[in-house]
Structures are given as C-alpha cells and as structure tokens.
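To be precise, the following lines are entry.csv, and they hold CSV, C-alpha atoms.
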```
chain,number,residue,atom,x,y,z
A,15,MET,CA,-14.3,-13.5,7.4
A,16,ASN,CA,-16.8,-12.9,4.6
A,17,LYS,CA,-16.1,-12.6,0.9
A,18,THR,CA,-18.6,-11.2,-1.5
A,19,LYS,CA,-18.4,-10.7,-5.3
A,20,ILE,CA,-19.5,-7.4,-6.6
A,21,ASN,CA,-21.1,-7.7,-10.0
A,22,SER,CA,-23.9,-5.6,-11.5
A,23,THR,CA,-25.7,-5.3,-14.8
A,24,GLU,CA,-24.8,-1.6,-14.6
A,25,PHE,CA,-21.3,-2.4,-15.7
A,26,ALA,CA,-19.9,-3.8,-19.0
A,27,GLU,CA,-20.6,-7.4,-19.5
A,28,ARG,CA,-17.8,-9.5,-18.1
A,29,MET,CA,-15.4,-11.1,-20.6
A,30,GLY,CA,-14.3,-14.0,-18.5
A,31,ALA,CA,-14.1,-15.6,-15.1
A,32,TYR,CA,-13.7,-12.4,-12.9
A,33,SER,CA,-15.8,-10.1,-10.9
A,34,HIS,CA,-16.0,-6.3,-11.2
A,35,GLY,CA,-15.2,-6.1,-7.5
A,36,TYR,CA,-14.6,-8.2,-4.5
A,37,LYS,CA,-15.5,-7.3,-0.9
A,38,VAL,CA,-13.6,-8.9,1.9
A,39,GLU,CA,-14.7,-8.4,5.5
A,40,ILE,CA,-12.3,-9.1,8.3
A,41,SER,CA,-13.9,-8.3,11.7
A,42,ASP,CA,-14.7,-4.6,11.5
A,43,THR,CA,-12.5,-3.9,8.4
A,44,VAL,CA,-13.8,-4.1,4.8
A,45,LEU,CA,-11.4,-4.4,1.9
A,46,ILE,CA,-12.6,-3.8,-1.6
A,47,PHE,CA,-10.6,-4.9,-4.6
A,48,THR,CA,-11.6,-3.9,-8.2
A,49,THR,CA,-10.9,-5.3,-11.5
A,50,GLY,CA,-8.9,-3.0,-13.7
A,51,GLN,CA,-11.5,-0.7,-15.4
A,52,ILE,CA,-11.3,0.4,-19.0
A,53,ALA,CA,-13.5,2.8,-20.9
A,54,MET,CA,-15.9,0.1,-22.2
A,55,ASP,CA,-19.7,0.6,-22.2
A,56,LYS,CA,-22.3,-2.0,-21.2
A,57,THR,CA,-22.4,-3.3,-24.8
A,58,GLY,CA,-18.6,-3.8,-24.9
A,59,ASN,CA,-17.8,-0.7,-27.1
A,60,VAL,CA,-14.8,1.4,-26.2
A,61,VAL,CA,-15.9,5.0,-25.5
A,62,HIS,CA,-13.9,8.2,-26.3
A,63,PRO,CA,-11.2,6.4,-28.2
A,64,ASP,CA,-9.4,9.7,-28.9
A,65,ASN,CA,-9.7,11.2,-25.5
A,66,PRO,CA,-7.8,9.7,-22.6
A,67,ALA,CA,-9.1,12.3,-20.1
A,68,LYS,CA,-12.7,11.4,-21.0
A,69,GLN,CA,-11.9,7.7,-20.8
A,70,ALA,CA,-10.4,8.3,-17.3
A,71,LYS,CA,-13.6,10.1,-16.2
A,72,PHE,CA,-15.7,7.2,-17.5
A,73,ILE,CA,-13.5,4.8,-15.6
A,74,PHE,CA,-13.7,6.8,-12.3
A,75,GLU,CA,-17.5,6.9,-12.5
A,76,ASN,CA,-17.5,3.1,-12.9
A,77,LEU,CA,-15.1,2.6,-10.0
A,78,GLN,CA,-17.3,4.8,-7.9
A,79,LYS,CA,-20.3,2.6,-8.8
A,80,ILE,CA,-18.4,-0.6,-7.9
A,81,LEU,CA,-17.3,0.8,-4.6
A,82,SER,CA,-20.7,2.1,-3.7
A,83,GLU,CA,-22.1,-1.4,-4.2
A,84,ALA,CA,-19.8,-2.3,-1.4
A,85,GLY,CA,-20.9,0.6,0.8
A,86,ALA,CA,-17.6,2.5,0.1
A,87,SER,CA,-16.5,5.4,-2.2
A,88,LEU,CA,-13.5,6.8,-3.9
A,89,ASP,CA,-12.7,8.6,-0.7
A,90,ASP,CA,-11.8,5.1,0.8
A,91,VAL,CA,-9.3,4.2,-1.8
A,92,VAL,CA,-5.8,3.4,-0.4
A,93,LYS,CA,-4.0,2.0,-3.4
A,94,THR,CA,-4.4,2.6,-7.2
A,95,THR,CA,-2.6,1.3,-10.2
A,96,VAL,CA,-2.9,3.2,-13.5
A,97,PHE,CA,-1.9,1.7,-16.8
A,98,VAL,CA,-1.5,4.0,-19.8
A,99,THR,CA,-0.6,3.1,-23.4
A,100,ASN,CA,1.2,6.4,-23.8
A,101,MET,CA,2.9,8.2,-20.9
A,102,ASP,CA,2.4,11.5,-22.7
A,103,ASP,CA,-1.4,11.1,-22.0
A,104,PHE,CA,-0.8,11.2,-18.3
A,105,ALA,CA,-0.8,15.0,-17.9
A,106,GLU,CA,-4.4,15.0,-19.1
A,107,ILE,CA,-5.4,11.9,-17.2
A,108,SER,CA,-3.8,13.3,-14.1
A,109,LYS,CA,-6.2,16.3,-14.0
A,110,VAL,CA,-9.2,13.9,-13.8
A,111,ARG,CA,-7.4,11.6,-11.4
A,112,ASN,CA,-6.6,14.4,-9.0
A,113,GLN,CA,-10.3,15.5,-8.8
A,114,TYR,CA,-11.5,12.1,-7.9
A,115,PHE,CA,-8.7,11.3,-5.5
A,116,LYS,CA,-8.7,14.7,-3.9
A,117,ASN,CA,-9.7,13.3,-0.5
A,118,SER,CA,-8.1,9.9,-0.5
A,119,GLU,CA,-4.6,10.7,-2.0
A,120,PRO,CA,-4.0,6.9,-2.4
A,121,VAL,CA,-0.6,5.3,-2.8
A,122,SER,CA,-0.1,5.1,-6.5
A,123,THR,CA,1.7,3.2,-9.3
A,124,LEU,CA,1.8,4.3,-12.9
A,125,VAL,CA,3.1,2.3,-15.8
A,126,GLU,CA,3.0,2.5,-19.6
A,127,VAL,CA,2.2,-0.7,-21.4
A,128,GLU,CA,2.2,-1.7,-25.0
A,129,ARG,CA,-1.4,-2.6,-25.3
A,130,LEU,CA,-4.6,-2.9,-23.2
A,131,VAL,CA,-7.2,-5.6,-23.5
A,132,LYS,CA,-9.2,-3.7,-26.1
A,133,ASP,CA,-7.6,-1.6,-28.9
A,134,ASP,CA,-8.5,2.1,-28.5
A,135,CYS,CA,-8.3,1.8,-24.7
A,136,ARG,CA,-5.8,4.4,-23.6
A,137,VAL,CA,-6.0,3.9,-19.8
A,138,GLU,CA,-6.9,1.2,-17.3
A,139,ILE,CA,-7.3,1.9,-13.6
A,140,GLU,CA,-7.7,-0.5,-10.6
A,141,VAL,CA,-8.1,0.4,-6.9
A,142,ILE,CA,-8.1,-1.1,-3.5
A,143,ALA,CA,-10.3,0.5,-0.9
A,144,VAL,CA,-10.4,0.0,2.9
A,145,LYS,CA,-13.3,1.0,5.1
A,146,GLN,CA,-14.1,0.5,8.7
A,147,LYS,CA,-17.6,-0.9,9.4
B,21,MET,CA,13.9,15.3,2.1
B,22,ASP,CA,11.1,14.6,4.5
B,23,ASN,CA,9.5,18.0,4.0
B,24,LYS,CA,9.1,17.5,0.2
B,25,LYS,CA,5.5,17.5,-0.9
B,26,PRO,CA,4.4,14.9,-3.4
B,27,VAL,CA,4.0,16.4,-6.9
B,28,LEU,CA,0.6,14.6,-7.3
B,29,PRO,CA,-2.1,13.8,-4.8
B,30,PHE,CA,-0.7,10.5,-3.6
B,31,SER,CA,1.0,9.3,-0.5
B,32,PRO,CA,4.2,7.2,-0.1
B,33,SER,CA,2.2,4.9,2.1
B,34,VAL,CA,-1.3,4.6,3.5
B,35,THR,CA,-2.3,2.6,6.6
B,36,LYS,CA,-5.9,1.7,7.0
B,37,GLY,CA,-7.7,-1.2,8.7
B,38,GLY,CA,-4.4,-2.6,9.9
B,39,PHE,CA,-2.9,-2.9,6.4
B,40,VAL,CA,-0.1,-0.8,4.9
B,41,PHE,CA,-0.1,0.0,1.2
B,42,THR,CA,2.9,1.6,-0.6
B,43,SER,CA,3.2,3.5,-3.8
B,44,GLY,CA,5.2,2.1,-6.6
B,45,GLN,CA,8.9,3.1,-6.2
B,46,VAL,CA,11.5,3.9,-8.8
B,47,TYR,CA,15.2,4.5,-8.2
B,48,LEU,CA,14.7,8.1,-7.2
B,49,THR,CA,17.3,9.4,-4.8
B,50,SER,CA,16.7,11.7,-1.8
B,51,GLU,CA,17.8,14.5,-4.0
B,52,GLY,CA,14.9,13.8,-6.4
B,53,LYS,CA,17.1,12.5,-9.2
B,54,LEU,CA,17.1,9.1,-10.9
B,55,LEU,CA,20.1,7.1,-9.7
B,56,GLU,CA,22.8,6.5,-12.3
B,57,GLY,CA,24.4,3.1,-11.9
B,58,THR,CA,24.1,-0.6,-12.5
B,59,ILE,CA,20.7,-2.4,-12.3
B,60,GLN,CA,21.8,-3.8,-9.0
B,61,GLU,CA,22.4,-0.4,-7.5
B,62,LYS,CA,19.1,0.9,-9.0
B,63,THR,CA,17.3,-2.1,-7.4
B,64,HIS,CA,18.9,-1.3,-4.0
B,65,GLN,CA,17.7,2.3,-4.3
B,66,VAL,CA,14.2,1.1,-5.0
B,67,MET,CA,14.2,-1.3,-2.1
B,68,GLY,CA,15.8,1.4,0.2
B,69,ASN,CA,12.9,3.8,-0.7
B,70,LEU,CA,10.4,1.1,0.1
B,71,LYS,CA,12.1,0.3,3.4
B,72,LYS,CA,11.9,4.0,4.4
B,73,ASN,CA,8.2,4.1,3.6
B,74,LEU,CA,7.5,0.8,5.4
B,75,GLU,CA,9.5,2.0,8.5
B,76,LYS,CA,7.5,5.3,8.5
B,77,ALA,CA,4.4,3.2,8.7
B,78,GLY,CA,5.8,1.2,11.5
B,79,VAL,CA,6.3,-2.1,9.6
B,80,SER,CA,9.2,-3.8,7.7
B,81,PHE,CA,9.9,-6.2,4.8
B,82,LYS,CA,9.1,-9.0,7.3
B,83,ASP,CA,5.5,-7.9,7.1
B,84,VAL,CA,5.2,-7.8,3.3
B,85,VAL,CA,2.7,-10.2,1.8
B,86,LYS,CA,2.4,-9.0,-1.8
B,87,THR,CA,4.7,-7.2,-4.2
B,88,THR,CA,4.6,-6.3,-7.9
B,89,ILE,CA,7.7,-5.6,-9.9
B,90,TYR,CA,7.4,-3.7,-13.2
B,91,VAL,CA,10.4,-3.9,-15.6
B,92,THR,CA,10.9,-2.2,-18.9
B,93,ASP,CA,13.3,-5.0,-20.1
B,94,MET,CA,12.5,-8.5,-19.0
B,95,SER,CA,16.1,-9.6,-19.6
B,96,LEU,CA,17.1,-7.7,-16.5
B,97,TYR,CA,14.5,-9.5,-14.3
B,98,GLY,CA,17.0,-12.2,-13.1
B,99,GLU,CA,19.5,-9.6,-11.8
B,100,ILE,CA,16.7,-7.5,-10.2
B,101,ASN,CA,15.3,-10.5,-8.5
B,102,GLU,CA,18.6,-11.5,-7.0
B,103,VAL,CA,18.9,-8.1,-5.2
B,104,TYR,CA,15.2,-8.1,-4.3
B,105,ALA,CA,15.5,-11.5,-2.7
B,106,THR,CA,18.2,-10.3,-0.3
B,107,TYR,CA,15.6,-8.0,1.4
B,108,PHE,CA,13.3,-10.9,2.3
B,109,ASP,CA,13.4,-14.1,4.3
B,110,GLU,CA,11.4,-17.2,3.5
B,111,PRO,CA,8.5,-17.4,3.2
B,112,TYR,CA,8.8,-14.8,0.5
B,113,PRO,CA,5.9,-12.6,-0.3
B,114,ALA,CA,3.6,-13.3,-3.2
B,115,GLN,CA,5.1,-11.6,-6.3
B,116,ARG,CA,3.9,-10.7,-9.7
B,117,ASN,CA,6.0,-9.1,-12.4
B,118,GLY,CA,4.9,-7.3,-15.5
B,119,LEU,CA,6.7,-6.0,-18.6
B,120,CYS,CA,6.0,-2.4,-19.4
B,121,LYS,CA,7.4,0.2,-21.7
B,122,ARG,CA,7.9,3.1,-19.4
B,123,ILE,CA,7.5,3.8,-15.7
B,124,ALA,CA,6.5,7.1,-14.2
B,125,PRO,CA,9.7,8.7,-13.0
B,126,TRP,CA,8.1,10.4,-10.0
B,127,GLY,CA,6.9,7.0,-8.7
B,128,GLY,CA,5.9,8.3,-5.3
B,129,ALA,CA,9.4,8.3,-3.9
B,130,ARG,CA,9.3,12.0,-3.0
B,131,ASN,CA,8.4,11.4,0.6
```
Step by step, read the file and then write its structure as structure tokens.
Amino acid sequence: MNKTKINSTEFAERMGAYSHGYKVEISDTVLIFTTGQIAMDKTGNVVHPDNPAKQAKFIFENLQKILSEAGASLDDVVKTTVFVTNMDDFAEISKVRNQYFKNSEPVSTLVEVERLVKDDCRVEIEVIAVKQK
Amino acid sequence: MDNKKPVLPFSPSVTKGGFVFTSGQVYLTSEGKLLEGTIQEKTHQVMGNLKKNLEKAGVSFKDVVKTTIYVTDMSLYGEINEVYATYFDEPYPAQRNGLCKRIAPWGGARN
C-alpha cells in the first residue's frame, strides 16, 4: 500500500496540518480523499461571498484540480459531503453540483451548519474518489 | 419503492474498488415521508434504510468500518447512540458525530 499527500501551490495556502488531498493505493485500486474545500483563493480571501452557486463552481474546479493531481477526475467520485450555512441556498448550489456530478452520481450527504471556517463561506464540499489503475 | 428515481443525481450506494459507500440517510419511510415518532423509532428507520442499501450492495453492518452521525440536537445523541449500537457488534466501526442545524430531508433514502 502506498500513501501520497496531494498538495499544490495552485490551491489556497494551507491553514494547518492537513493536505488538500490524500491518495491511497491498495493493489490496483486508488482511493483519493479530499479536504473539505471552501471558496477561498490562493491568498486566503473568500470569493463570491454573496453567491453560493459561484462559490460551489469555484470549489468544484478546485476539487477537479486536486483529483487530477492524483490521476482521477470528478467522474471518479463515489462519495460527497456538502455543508451549507443556509439550506435555502441548496437549490442554487444543486444546479452546479448536478453539472459536475452528472456522470458520477456519488452517494451524498447534505447538512446545514451554523458556521464554516471562514465567515462569508456559504458552502464546503469534500469528496472521496475511487479509481482502478 | 424500488423503482423510485432519486430526485437528485446521487445513488443510495456506490461500489467501487471493493469498497461500498452509502449516502447519508434520514428517517424517510418507503412512502417517501418523514417518520413521525420517538427518536428511537426514527433512529431505527435510519438504520433500516442503511441496512437495505448495504444489502443491495451485497454487504451488511458487519462490514462497516466508518460512520458519521449528524444530529440537530446534541442532547438526543445518547438515545440515538443506544439504538445505533444495537446494529453493530464489537469491534464497532469508527464513528464521528457532528452537530448541525438542519439535515436535507431527501437524504438519499429514495432508493
């Protein structure tokens, strides 16, 4: 078994002891876990504070980058957890989510939480992807 | 209930690379309604939904290694956990619980 951290200067600077992603290889199976992604740019600023759908799009593009570093894509996602600060935002976020998950249709969990790590973040998304070598 | 299509592009369970993943489940009944009852009855409904999804994927609670429980009221956690524990034998799966305000009612249970 091989474990590889996925970190890149393409993503927001890390705020603690974590990796943007983690690749775990078990024989011919590759599992990729991602840190929950928020709409934070490379300099640590929250983007689109008033637009949860645009935040979701930003997040999905970052998730795609993390997965591609591991040789996978959003089509390989099997499990996703979406955290929102207002469940009423989900209708808009869902439209974006559905485009990116059109092929993978992952198992899903959705919860509303009081706050996310940075104020003005309206949504956080994490995924687990599985790929055969 | 088996022919009901999910309302969103997600699946009740996905099997890949020898692993089974399930969607978060709420106490949605086979009629697509939220169960009315005690927290114990609601927890049994959630676990029953998970059981069905696991069985469809050819596995059971014995094969579970990781769970996450989301509750909207942490004071209910003890009662929920008592019911939850009856579905597992030792060694119990790794578990994490989180407090959240609201949980999506569709929850992926419409399999």
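Distances here use all atoms listed in the file; by that measure, the residue among A:Arg111, A:Ala143, A:Asn100, A:Lys116 closest to Glu128 (chain A) is A:Asn100.
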Query raised in the report: Closest to Ser82 (chain A) among A:Val125, A:Thr48, A:Thr43, A:Leu130, using all atoms listed in the file?
Result: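 Answer, going by the shortest atom-to-atom distance: A:Thr48.
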Report task. Name all residues at most 7 Å from Gly35 (chain A) (count only C-alpha atoms; drop same-chain ones fewer than 2 positions away) and give them as a ChimeraX atom specification. Result -> /A:19-21,33,37,46-49,80
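Distance check against Phe41 (chain B) using only C-alpha atoms: of A:Gln113, A:Val91, A:Ser108, A:Met101, the minimum falls on A:Val91.
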Residues of chain B within 9 Å of chain A: nearest atom pair and distance (Å, one decimal) for each, counting only C-alpha atoms, sorted by chain and number, as a tab-separated table?
```
residue	atom	partner	partner_atom	distance
B:Leu28	CA	A:Asn112	CA	7.4
B:Pro29	CA	A:Glu119	CA	4.9
B:Phe30	CA	A:Glu119	CA	4.2
B:Ser31	CA	A:Val121	CA	4.9
B:Pro32	CA	A:Val121	CA	5.8
B:Ser33	CA	A:Val121	CA	5.7
B:Val34	CA	A:Val92	CA	6.1
B:Thr35	CA	A:Val92	CA	7.9
B:Lys36	CA	A:Val144	CA	6.3
B:Gly37	CA	A:Thr43	CA	5.5
B:Gly38	CA	A:Thr43	CA	8.3
B:Phe39	CA	A:Val144	CA	8.8
B:Val40	CA	A:Val92	CA	8.8
B:Phe41	CA	A:Lys93	CA	6.4
B:Thr42	CA	A:Val121	CA	5.5
B:Ser43	CA	A:Val121	CA	4.3
B:Gly44	CA	A:Thr123	CA	4.6
B:Gln45	CA	A:Thr123	CA	7.8
B:Tyr90	CA	A:Val125	CA	7.8
B:Leu119	CA	A:Val127	CA	7.5
B:Cys120	CA	A:Val127	CA	4.6
B:Lys121	CA	A:Val127	CA	5.3
B:Arg122	CA	A:Glu126	CA	4.9
B:Ile123	CA	A:Val125	CA	4.6
B:Ala124	CA	A:Leu124	CA	5.6
B:Gly127	CA	A:Thr123	CA	6.5
B:Gly128	CA	A:Ser122	CA	6.9
```
Report summary line: From the list A:Leu81, A:Ala86, A:Ala31, A:Ile139, the nearest residue to Ile107 (chain A) using all atoms listed in the file is A:Ile139
**Report entry** Point-to-point distance in Å for CA of Asn65 (chain A) and CA of Cys135 (chain A)
**Finding:**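 Taking CA of Cys135 (chain A) as the start and CA of Asn65 (chain A) as the end point, the length is 9.5 Å.
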Save all heavy atoms of region 110-122 of chain A from the block above as a PDB file, in the first residue's frame.
```pdb
ATOM      1  N   VAL A 110     -25.346  23.585  -9.832  1.00  0.00           N
ATOM      2  CA  VAL A 110     -23.916  23.487 -10.129  1.00  0.00           C
ATOM      3  C   VAL A 110     -23.428  22.069  -9.843  1.00  0.00           C
ATOM      4  O   VAL A 110     -22.753  21.442 -10.662  1.00  0.00           O
ATOM      5  CB  VAL A 110     -23.125  24.505  -9.271  1.00  0.00           C
ATOM      6  CG1 VAL A 110     -21.638  24.407  -9.557  1.00  0.00           C
ATOM      7  CG2 VAL A 110     -23.639  25.914  -9.512  1.00  0.00           C
ATOM      8  N   ARG A 111     -23.822  21.576  -8.673  1.00  0.00           N
ATOM      9  CA  ARG A 111     -23.433  20.229  -8.258  1.00  0.00           C
ATOM     10  C   ARG A 111     -23.830  19.187  -9.312  1.00  0.00           C
ATOM     11  O   ARG A 111     -23.053  18.300  -9.659  1.00  0.00           O
ATOM     12  CB  ARG A 111     -24.141  19.924  -6.925  1.00  0.00           C
ATOM     13  CG  ARG A 111     -23.947  18.539  -6.406  1.00  0.00           C
ATOM     14  CD  ARG A 111     -25.052  18.178  -5.432  1.00  0.00           C
ATOM     15  NE  ARG A 111     -24.871  16.825  -4.950  1.00  0.00           N
ATOM     16  CZ  ARG A 111     -25.191  15.742  -5.657  1.00  0.00           C
ATOM     17  NH1 ARG A 111     -25.689  15.846  -6.862  1.00  0.00           N
ATOM     18  NH2 ARG A 111     -24.985  14.537  -5.157  1.00  0.00           N
ATOM     19  N   ASN A 112     -25.053  19.325  -9.817  1.00  0.00           N
ATOM     20  CA  ASN A 112     -25.563  18.337 -10.759  1.00  0.00           C
ATOM     21  C   ASN A 112     -24.778  18.318 -12.074  1.00  0.00           C
ATOM     22  O   ASN A 112     -24.637  17.268 -12.701  1.00  0.00           O
ATOM     23  CB  ASN A 112     -27.049  18.579 -11.029  1.00  0.00           C
ATOM     24  CG  ASN A 112     -27.887  18.352  -9.789  1.00  0.00           C
ATOM     25  OD1 ASN A 112     -27.380  17.882  -8.780  1.00  0.00           O
ATOM     26  ND2 ASN A 112     -29.160  18.688  -9.860  1.00  0.00           N
ATOM     27  N   GLN A 113     -24.290  19.480 -12.494  1.00  0.00           N
ATOM     28  CA  GLN A 113     -23.470  19.516 -13.715  1.00  0.00           C
ATOM     29  C   GLN A 113     -22.171  18.730 -13.514  1.00  0.00           C
ATOM     30  O   GLN A 113     -21.789  17.917 -14.345  1.00  0.00           O
ATOM     31  CB  GLN A 113     -23.099  20.961 -14.065  1.00  0.00           C
ATOM     32  CG  GLN A 113     -24.245  21.768 -14.661  1.00  0.00           C
ATOM     33  CD  GLN A 113     -23.930  23.247 -14.705  1.00  0.00           C
ATOM     34  OE1 GLN A 113     -22.773  23.649 -14.560  1.00  0.00           O
ATOM     35  NE2 GLN A 113     -24.961  24.047 -14.888  1.00  0.00           N
ATOM     36  N   TYR A 114     -21.515  19.008 -12.385  1.00  0.00           N
ATOM     37  CA  TYR A 114     -20.204  18.385 -12.152  1.00  0.00           C
ATOM     38  C   TYR A 114     -20.311  16.894 -11.799  1.00  0.00           C
ATOM     39  O   TYR A 114     -19.364  16.146 -11.993  1.00  0.00           O
ATOM     40  CB  TYR A 114     -19.442  19.135 -11.063  1.00  0.00           C
ATOM     41  CG  TYR A 114     -18.882  20.450 -11.528  1.00  0.00           C
ATOM     42  CD1 TYR A 114     -19.562  21.647 -11.301  1.00  0.00           C
ATOM     43  CD2 TYR A 114     -17.666  20.506 -12.210  1.00  0.00           C
ATOM     44  CE1 TYR A 114     -19.046  22.868 -11.733  1.00  0.00           C
ATOM     45  CE2 TYR A 114     -17.141  21.708 -12.639  1.00  0.00           C
ATOM     46  CZ  TYR A 114     -17.829  22.882 -12.401  1.00  0.00           C
ATOM     47  OH  TYR A 114     -17.318  24.078 -12.831  1.00  0.00           O
ATOM     48  N   PHE A 115     -21.455  16.488 -11.235  1.00  0.00           N
ATOM     49  CA  PHE A 115     -21.613  15.090 -10.821  1.00  0.00           C
ATOM     50  C   PHE A 115     -22.503  14.298 -11.784  1.00  0.00           C
ATOM     51  O   PHE A 115     -22.984  13.214 -11.446  1.00  0.00           O
ATOM     52  CB  PHE A 115     -22.214  15.012  -9.409  1.00  0.00           C
ATOM     53  CG  PHE A 115     -21.232  15.311  -8.305  1.00  0.00           C
ATOM     54  CD1 PHE A 115     -21.668  15.861  -7.108  1.00  0.00           C
ATOM     55  CD2 PHE A 115     -19.879  15.023  -8.447  1.00  0.00           C
ATOM     56  CE1 PHE A 115     -20.772  16.129  -6.074  1.00  0.00           C
ATOM     57  CE2 PHE A 115     -18.984  15.289  -7.423  1.00  0.00           C
ATOM     58  CZ  PHE A 115     -19.438  15.840  -6.235  1.00  0.00           C
ATOM     59  N   LYS A 116     -22.703  14.858 -12.976  1.00  0.00           N
ATOM     60  CA  LYS A 116     -23.600  14.253 -13.958  1.00  0.00           C
ATOM     61  C   LYS A 116     -23.232  12.784 -14.221  1.00  0.00           C
ATOM     62  O   LYS A 116     -24.093  11.915 -14.282  1.00  0.00           O
ATOM     63  CB  LYS A 116     -23.511  15.063 -15.250  1.00  0.00           C
ATOM     64  CG  LYS A 116     -24.534  14.745 -16.304  1.00  0.00           C
ATOM     65  CD  LYS A 116     -24.424  15.733 -17.460  1.00  0.00           C
ATOM     66  CE  LYS A 116     -23.003  15.752 -18.011  1.00  0.00           C
ATOM     67  NZ  LYS A 116     -22.799  16.765 -19.054  1.00  0.00           N
ATOM     68  N   ASN A 117     -21.944  12.501 -14.336  1.00  0.00           N
ATOM     69  CA  ASN A 117     -21.509  11.143 -14.665  1.00  0.00           C
ATOM     70  C   ASN A 117     -21.310  10.255 -13.447  1.00  0.00           C
ATOM     71  O   ASN A 117     -21.553   9.059 -13.502  1.00  0.00           O
ATOM     72  CB  ASN A 117     -20.216  11.191 -15.483  1.00  0.00           C
ATOM     73  CG  ASN A 117     -20.433  11.877 -16.818  1.00  0.00           C
ATOM     74  OD1 ASN A 117     -21.484  11.731 -17.432  1.00  0.00           O
ATOM     75  ND2 ASN A 117     -19.463  12.667 -17.253  1.00  0.00           N
ATOM     76  N   SER A 118     -20.863  10.862 -12.340  1.00  0.00           N
ATOM     77  CA  SER A 118     -20.505  10.013 -11.194  1.00  0.00           C
ATOM     78  C   SER A 118     -21.689   9.698 -10.281  1.00  0.00           C
ATOM     79  O   SER A 118     -21.706   8.651  -9.654  1.00  0.00           O
ATOM     80  CB  SER A 118     -19.392  10.671 -10.386  1.00  0.00           C
ATOM     81  OG  SER A 118     -19.756  11.973 -10.010  1.00  0.00           O
ATOM     82  N   GLU A 119     -22.675  10.598 -10.188  1.00  0.00           N
ATOM     83  CA  GLU A 119     -23.822  10.414  -9.295  1.00  0.00           C
ATOM     84  C   GLU A 119     -23.397   9.781  -7.964  1.00  0.00           C
ATOM     85  O   GLU A 119     -23.839   8.687  -7.615  1.00  0.00           O
ATOM     86  CB  GLU A 119     -24.914   9.576  -9.964  1.00  0.00           C
ATOM     87  CG  GLU A 119     -25.512  10.265 -11.169  1.00  0.00           C
ATOM     88  CD  GLU A 119     -26.747   9.556 -11.707  1.00  0.00           C
ATOM     89  OE1 GLU A 119     -26.901   8.350 -11.455  1.00  0.00           O
ATOM     90  OE2 GLU A 119     -27.559  10.218 -12.368  1.00  0.00           O
ATOM     91  N   PRO A 120     -22.534  10.464  -7.213  1.00  0.00           N
ATOM     92  CA  PRO A 120     -21.989   9.852  -5.995  1.00  0.00           C
ATOM     93  C   PRO A 120     -23.018   9.739  -4.875  1.00  0.00           C
ATOM     94  O   PRO A 120     -24.028  10.442  -4.902  1.00  0.00           O
ATOM     95  CB  PRO A 120     -20.889  10.839  -5.582  1.00  0.00           C
ATOM     96  CG  PRO A 120     -21.338  12.151  -6.128  1.00  0.00           C
ATOM     97  CD  PRO A 120     -22.048  11.837  -7.416  1.00  0.00           C
ATOM     98  N   VAL A 121     -22.763   8.862  -3.920  1.00  0.00           N
ATOM     99  CA  VAL A 121     -23.582   8.856  -2.704  1.00  0.00           C
ATOM    100  C   VAL A 121     -23.333  10.179  -2.004  1.00  0.00           C
ATOM    101  O   VAL A 121     -22.234  10.736  -2.065  1.00  0.00           O
ATOM    102  CB  VAL A 121     -23.274   7.654  -1.788  1.00  0.00           C
ATOM    103  CG1 VAL A 121     -23.582   6.365  -2.488  1.00  0.00           C
ATOM    104  CG2 VAL A 121     -21.838   7.663  -1.307  1.00  0.00           C
ATOM    105  N   SER A 122     -24.366  10.703  -1.354  1.00  0.00           N
ATOM    106  CA  SER A 122     -24.302  12.101  -0.940  1.00  0.00           C
ATOM    107  C   SER A 122     -24.861  12.315   0.454  1.00  0.00           C
ATOM    108  O   SER A 122     -25.805  11.648   0.856  1.00  0.00           O
ATOM    109  CB  SER A 122     -25.099  12.961  -1.921  1.00  0.00           C
ATOM    110  OG  SER A 122     -24.628  12.755  -3.235  1.00  0.00           O
TER     111      SER A 122
END
```
